[in-house]
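Structure file final38.txt (compact mmCIF, C-alpha atoms) follows.
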```
# COMPACT_ATOMS: atom_id res chain seq x y z
CA MET A 1 8.59 -21.99 -15.70
CA LEU A 2 5.54 -19.83 -16.40
CA LYS A 3 3.42 -22.42 -14.55
CA LEU A 4 5.41 -21.59 -11.41
CA GLY A 5 6.19 -17.89 -11.87
CA LEU A 6 2.76 -16.64 -12.90
CA PRO A 7 0.93 -18.06 -9.85
CA ILE A 8 3.64 -16.53 -7.64
CA ALA A 9 3.05 -13.20 -9.40
CA PHE A 10 -0.69 -13.55 -8.84
CA ILE A 11 -0.22 -14.32 -5.13
CA ALA A 12 2.11 -11.33 -4.67
CA PHE A 13 -0.27 -9.05 -6.56
CA THR A 14 -3.31 -10.28 -4.61
CA ALA A 15 -1.64 -9.95 -1.21
CA ASP A 16 -0.58 -6.41 -2.13
CA GLN A 17 -4.00 -5.32 -3.34
CA VAL A 18 -5.93 -6.94 -0.47
CA SER A 19 -3.62 -5.35 2.13
CA LYS A 20 -4.03 -1.92 0.51
CA TRP A 21 -7.80 -2.34 0.32
CA LEU A 22 -7.92 -3.19 4.02
CA ILE A 23 -5.69 -0.25 4.93
CA LEU A 24 -7.62 2.25 2.81
CA ASN A 25 -11.15 1.08 3.64
CA HIS A 26 -10.91 -0.12 7.21
CA VAL A 27 -7.67 0.57 9.07
CA MET A 28 -7.02 4.14 7.93
CA ALA A 29 -10.56 5.43 8.01
CA PRO A 30 -9.82 8.15 9.14
CA PRO A 31 -6.11 8.43 8.21
CA ARG A 32 -3.80 8.46 11.24
CA VAL A 33 -0.59 7.00 12.63
CA ILE A 34 -1.14 3.70 14.40
CA PRO A 35 1.79 2.70 16.63
CA VAL A 36 2.23 -1.10 16.53
CA THR A 37 5.61 -1.55 18.25
CA GLY A 38 8.50 0.62 19.36
CA PHE A 39 9.90 0.44 15.81
CA PHE A 40 6.85 0.04 13.55
CA ASN A 41 3.76 2.11 12.73
CA LEU A 42 0.93 1.84 10.27
CA VAL A 43 0.62 5.08 8.32
CA LEU A 44 -1.04 6.23 5.11
CA GLY A 45 1.22 7.58 2.40
CA ARG A 46 1.00 8.21 -1.33
CA ASN A 47 4.03 7.90 -3.56
CA THR A 48 3.74 9.46 -7.01
CA GLY A 49 7.26 8.40 -7.96
CA VAL A 50 9.10 5.11 -7.84
CA SER A 51 11.23 3.81 -4.98
CA PHE A 52 11.72 6.40 -2.24
CA GLY A 53 9.80 9.00 -4.27
CA LEU A 54 12.34 9.15 -7.10
CA PHE A 55 10.90 10.59 -10.31
CA GLY A 56 7.88 11.94 -8.42
CA ASP A 57 7.47 14.63 -11.07
CA ALA A 58 7.37 12.11 -13.92
CA SER A 59 4.15 11.54 -15.82
CA PRO A 60 2.11 8.72 -14.27
CA TRP A 61 1.49 7.44 -17.79
CA ALA A 62 5.22 7.25 -18.47
CA LEU A 63 5.76 5.32 -15.22
CA MET A 64 2.91 2.95 -16.11
CA ALA A 65 4.31 2.38 -19.62
CA LEU A 66 7.73 1.66 -18.14
CA THR A 67 6.17 -0.76 -15.65
CA LEU A 68 4.34 -2.61 -18.43
CA ALA A 69 7.55 -2.89 -20.45
CA ILE A 70 9.43 -4.24 -17.43
CA VAL A 71 6.69 -6.77 -16.63
CA ALA A 72 6.67 -7.93 -20.26
CA GLY A 73 10.44 -8.41 -20.10
CA LEU A 74 10.13 -10.33 -16.82
CA ILE A 75 7.54 -12.66 -18.33
CA VAL A 76 9.75 -13.36 -21.34
CA TRP A 77 12.67 -14.03 -18.98
CA MET A 78 10.41 -16.26 -16.85
CA GLN A 79 9.35 -18.24 -19.92
CA ARG A 80 12.99 -18.86 -20.84
CA ALA A 81 14.12 -19.63 -17.28
CA ASP A 82 15.50 -23.08 -16.46
CA TYR A 83 15.48 -22.79 -12.68
CA ARG A 84 12.65 -22.66 -10.14
CA ARG A 85 14.37 -19.95 -8.10
CA THR A 86 14.50 -17.76 -11.18
CA ALA A 87 10.79 -18.27 -11.88
CA ILE A 88 9.86 -17.56 -8.25
CA SER A 89 12.06 -14.45 -8.18
CA LEU A 90 10.66 -13.08 -11.42
CA GLY A 91 7.11 -13.87 -10.31
CA LEU A 92 7.59 -11.89 -7.11
CA ILE A 93 9.02 -8.92 -9.01
CA ALA A 94 6.30 -9.02 -11.69
CA GLY A 95 3.49 -9.34 -9.13
CA GLY A 96 4.83 -6.41 -7.13
CA ALA A 97 5.23 -4.31 -10.26
CA VAL A 98 1.65 -5.01 -11.36
CA GLY A 99 0.49 -4.03 -7.86
CA THR A 100 2.10 -0.61 -8.26
CA LEU A 101 0.65 -0.30 -11.77
CA VAL A 102 -2.88 -0.91 -10.50
CA ASP A 103 -2.37 1.66 -7.74
CA ARG A 104 -1.31 4.27 -10.28
CA LEU A 105 -4.33 3.50 -12.44
CA ARG A 106 -6.79 3.59 -9.53
CA HIS A 107 -5.34 6.33 -7.32
CA GLY A 108 -2.72 8.19 -9.37
CA ALA A 109 -0.10 7.16 -6.81
CA VAL A 110 1.10 4.11 -4.91
CA THR A 111 -0.34 3.53 -1.43
CA ASP A 112 2.30 2.99 1.25
CA PHE A 113 1.50 2.05 4.85
CA LEU A 114 4.38 0.19 6.52
CA ASP A 115 6.57 2.57 8.54
CA PHE A 116 9.66 1.15 10.26
CA TYR A 117 11.91 3.40 12.31
CA LEU A 118 14.79 3.57 14.75
CA ALA A 119 14.60 6.46 17.21
CA THR A 120 13.84 9.45 14.94
CA PHE A 121 15.07 7.81 11.70
CA HIS A 122 12.15 6.53 9.63
CA TRP A 123 12.70 4.25 6.66
CA PRO A 124 10.46 5.50 3.82
CA ALA A 125 6.98 3.96 4.13
CA PHE A 126 6.39 1.01 1.82
CA ASN A 127 3.88 -1.74 1.01
CA LEU A 128 3.69 -5.43 0.11
CA SER A 129 4.46 -4.82 -3.56
CA ASP A 130 7.77 -3.33 -2.42
CA VAL A 131 8.34 -6.39 -0.23
CA ALA A 132 7.66 -8.69 -3.19
CA ILE A 133 9.99 -6.76 -5.50
CA VAL A 134 12.84 -6.59 -2.98
CA SER A 135 12.39 -10.27 -2.08
CA GLY A 136 12.45 -11.23 -5.76
CA VAL A 137 15.61 -9.24 -6.40
CA GLY A 138 17.18 -10.73 -3.27
CA LEU A 139 16.37 -14.25 -4.48
CA LEU A 140 17.91 -13.47 -7.88
CA LEU A 141 21.06 -12.28 -6.15
CA LEU A 142 21.08 -15.38 -3.94
CA GLU A 143 20.62 -17.57 -6.99
CA SER A 144 23.71 -16.04 -8.56
CA ILE A 145 25.86 -17.43 -5.72
CA LEU A 146 24.09 -20.76 -5.05
CA PRO A 147 24.84 -23.96 -6.96
CA ARG A 148 22.52 -24.20 -9.96
CA ASP A 149 22.10 -27.98 -10.17
CA GLU A 150 19.89 -27.96 -7.04
CA ALA A 151 17.52 -25.38 -8.51
CA LYS A 152 16.90 -27.02 -11.89
CA GLY A 153 13.24 -27.18 -12.82
CA PRO A 154 11.30 -30.15 -14.17
```
Conversion result in structure tokens:
Amino acid sequence: MLKLGLPIAFIAFTADQVSKWLILNHVMAPPRVIPVTGFFNLVLGRNTGVSFGLFGDASPWALMALTLAIVAGLIVWMQRADYRRTAISLGLIAGGAVGTLVDRLRHGAVTDFLDFYLATFHWPAFNLSDVAIVSGVGLLLLESILPRDEAKGP
């Protein structure tokens, strides 16, 4: 399943990095809030922690080491997987995780730019690596309730 999961990881990673490059070098030069709809803005944020800023005081090196360990575990799981949905899910999660790792190496924090809101409530800003990770986890959860015989790989 590595032949399926690793290209998915690469696509997720590439989409994340290209979108951040565009935001940092073209869209947010200078940084500002760009209203797109009545519920969505483009913004520029930096997250030194993990999801929703948790562990923001943690050492960036510790977070990067943890990310590498998680990605290694995902690749081992992917290699042992029997189902395409599992490989796709793990590829999305791994690609998103590597995207955050590269951000920490390059910028010392993760670049966030998608800001969804309802009235005055704003969901924490996020990026495409977050989308990939959440989508991968969602697919894993979906896989746990779907019949397995339809998802068997070659």
Between CA of Met28 in chain A and CA of Val110 in chain A, distance in Å (one decimal) =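 Straight-line distance from CA of Met28 in chain A to CA of Val110 in chain A works out to 15.2 Å.
Between CA of Thr111 in chain A and CA of Arg46 in chain A lies a distance of 4.9 Å.
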Exercise. Determine, counting only C-alpha atoms, which protein, DNA and RNA residues have an atom within 12 Å of an atom of range 133-135 of chain A; residues of the same chain fewer than 4 positions away are not included. Present the result as a ChimeraX atom specification.
Key: /A:8-9,12-13,16,51,71,74,85-86,88-100,126-129,139-142
- Give the answer as one residue: which of A:Pro7, A:Thr37, A:Phe113, A:Leu68 has the shortest atom-to-atom distance to Leu22 in chain A, using all atoms listed in the file?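 So, comparing all the options, the nearest one is A:Phe113.
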Nearest to Gly5 in chain A, restricted to only C-alpha atoms and choosing among A:Val43, A:Val36, A:Ala87, A:Ile23, comes out as A:Ala87
* Asked: Which one of A:Arg148, A:Arg104, A:Lys3, A:His26 sits closest to Ser59 in chain A if you count only C-alpha atoms?
  ->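 Nearest candidate to Ser59 in chain A out of A:Arg148, A:Arg104, A:Lys3, A:His26: A:Arg104.
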Would you save range 118-131 of chain A from the block above with all heavy atoms, as a CSV table (one decimal), in the first residue's frame?
```
chain,number,residue,atom,x,y,z
A,118,LEU,N,-18.5,32.6,12.2
A,118,LEU,CA,-19.9,32.7,12.3
A,118,LEU,C,-20.2,33.9,13.2
A,118,LEU,O,-19.9,33.8,14.4
A,118,LEU,CB,-20.6,31.5,12.7
A,118,LEU,CG,-22.1,31.5,12.8
A,118,LEU,CD1,-22.8,31.8,11.5
A,118,LEU,CD2,-22.7,30.2,13.4
A,119,ALA,N,-20.7,35.0,12.7
A,119,ALA,CA,-20.9,36.2,13.5
A,119,ALA,C,-19.5,36.6,14.1
A,119,ALA,O,-18.6,36.9,13.3
A,119,ALA,CB,-22.0,36.0,14.5
A,120,THR,N,-19.4,36.6,15.4
A,120,THR,CA,-18.1,37.0,16.0
A,120,THR,C,-17.3,35.8,16.4
A,120,THR,O,-16.2,36.0,16.9
A,120,THR,CB,-18.4,37.9,17.2
A,120,THR,OG1,-19.1,37.2,18.2
A,120,THR,CG2,-19.1,39.2,16.8
A,121,PHE,N,-17.8,34.6,16.2
A,121,PHE,CA,-17.1,33.4,16.6
A,121,PHE,C,-16.2,33.0,15.4
A,121,PHE,O,-16.7,32.7,14.3
A,121,PHE,CB,-18.0,32.2,17.0
A,121,PHE,CG,-17.3,30.9,17.2
A,121,PHE,CD1,-16.6,30.7,18.4
A,121,PHE,CD2,-17.2,30.0,16.2
A,121,PHE,CE1,-15.9,29.5,18.6
A,121,PHE,CE2,-16.6,28.8,16.4
A,121,PHE,CZ,-15.9,28.6,17.6
A,122,HIS,N,-14.9,33.0,15.6
A,122,HIS,CA,-13.9,32.6,14.6
A,122,HIS,C,-13.3,31.2,15.0
A,122,HIS,O,-12.8,31.0,16.1
A,122,HIS,CB,-12.7,33.6,14.5
A,122,HIS,CG,-13.1,34.8,13.8
A,122,HIS,ND1,-12.7,35.1,12.5
A,122,HIS,CD2,-13.9,35.9,14.2
A,122,HIS,CE1,-13.2,36.3,12.2
A,122,HIS,NE2,-13.9,36.8,13.2
A,123,TRP,N,-13.4,30.3,14.1
A,123,TRP,CA,-12.7,29.0,14.3
A,123,TRP,C,-11.2,29.3,14.2
A,123,TRP,O,-10.8,30.2,13.4
A,123,TRP,CB,-13.1,28.0,13.1
A,123,TRP,CG,-12.6,26.7,13.3
A,123,TRP,CD1,-11.5,26.1,12.7
A,123,TRP,CD2,-13.1,25.7,14.2
A,123,TRP,NE1,-11.3,24.8,13.1
A,123,TRP,CE2,-12.3,24.5,14.1
A,123,TRP,CE3,-14.1,25.6,15.1
A,123,TRP,CZ2,-12.5,23.4,14.8
A,123,TRP,CZ3,-14.3,24.5,15.8
A,123,TRP,CH2,-13.5,23.4,15.7
A,124,PRO,N,-10.3,28.7,15.0
A,124,PRO,CA,-8.9,29.0,14.8
A,124,PRO,C,-8.4,28.8,13.4
A,124,PRO,O,-8.8,27.9,12.7
A,124,PRO,CB,-8.2,28.0,15.7
A,124,PRO,CG,-9.3,27.6,16.8
A,124,PRO,CD,-10.6,27.7,16.0
A,125,ALA,N,-7.6,29.8,12.9
A,125,ALA,CA,-7.1,29.7,11.6
A,125,ALA,C,-6.3,28.5,11.4
A,125,ALA,O,-5.7,27.9,12.3
A,125,ALA,CB,-6.2,31.0,11.3
A,126,PHE,N,-6.4,27.9,10.1
A,126,PHE,CA,-5.7,26.7,9.8
A,126,PHE,C,-5.2,26.7,8.4
A,126,PHE,O,-5.2,27.8,7.7
A,126,PHE,CB,-6.7,25.5,10.1
A,126,PHE,CG,-7.9,25.5,9.3
A,126,PHE,CD1,-8.0,24.8,8.1
A,126,PHE,CD2,-9.0,26.3,9.7
A,126,PHE,CE1,-9.2,24.8,7.3
A,126,PHE,CE2,-10.2,26.3,9.0
A,126,PHE,CZ,-10.3,25.6,7.8
A,127,ASN,N,-4.7,25.6,7.9
A,127,ASN,CA,-4.0,25.5,6.6
A,127,ASN,C,-4.4,24.2,6.0
A,127,ASN,O,-5.1,23.4,6.5
A,127,ASN,CB,-2.5,25.8,6.7
A,127,ASN,CG,-1.9,24.8,7.7
A,127,ASN,OD1,-2.1,23.6,7.5
A,127,ASN,ND2,-1.2,25.3,8.7
A,128,LEU,N,-3.8,23.9,4.8
A,128,LEU,CA,-4.1,22.7,4.1
A,128,LEU,C,-3.5,21.5,4.7
A,128,LEU,O,-4.0,20.4,4.5
A,128,LEU,CB,-3.7,22.8,2.6
A,128,LEU,CG,-4.4,23.8,1.8
A,128,LEU,CD1,-4.0,23.7,0.3
A,128,LEU,CD2,-6.0,23.6,1.9
A,129,SER,N,-2.4,21.6,5.5
A,129,SER,CA,-1.9,20.4,6.2
A,129,SER,C,-2.9,20.0,7.3
A,129,SER,O,-3.2,18.8,7.5
A,129,SER,CB,-0.5,20.7,6.8
A,129,SER,OG,-0.6,21.7,7.8
A,130,ASP,N,-3.6,21.0,7.9
A,130,ASP,CA,-4.7,20.6,8.8
A,130,ASP,C,-5.8,19.9,8.1
A,130,ASP,O,-6.4,19.0,8.7
A,130,ASP,CB,-5.2,21.9,9.6
A,130,ASP,CG,-4.1,22.6,10.4
A,130,ASP,OD1,-3.3,21.9,11.0
A,130,ASP,OD2,-4.1,23.8,10.4
A,131,VAL,N,-6.2,20.4,7.0
A,131,VAL,CA,-7.2,19.8,6.2
A,131,VAL,C,-6.9,18.4,5.8
A,131,VAL,O,-7.7,17.5,6.0
A,131,VAL,CB,-7.5,20.6,4.9
A,131,VAL,CG1,-8.5,19.9,4.0
A,131,VAL,CG2,-8.1,22.0,5.3
```
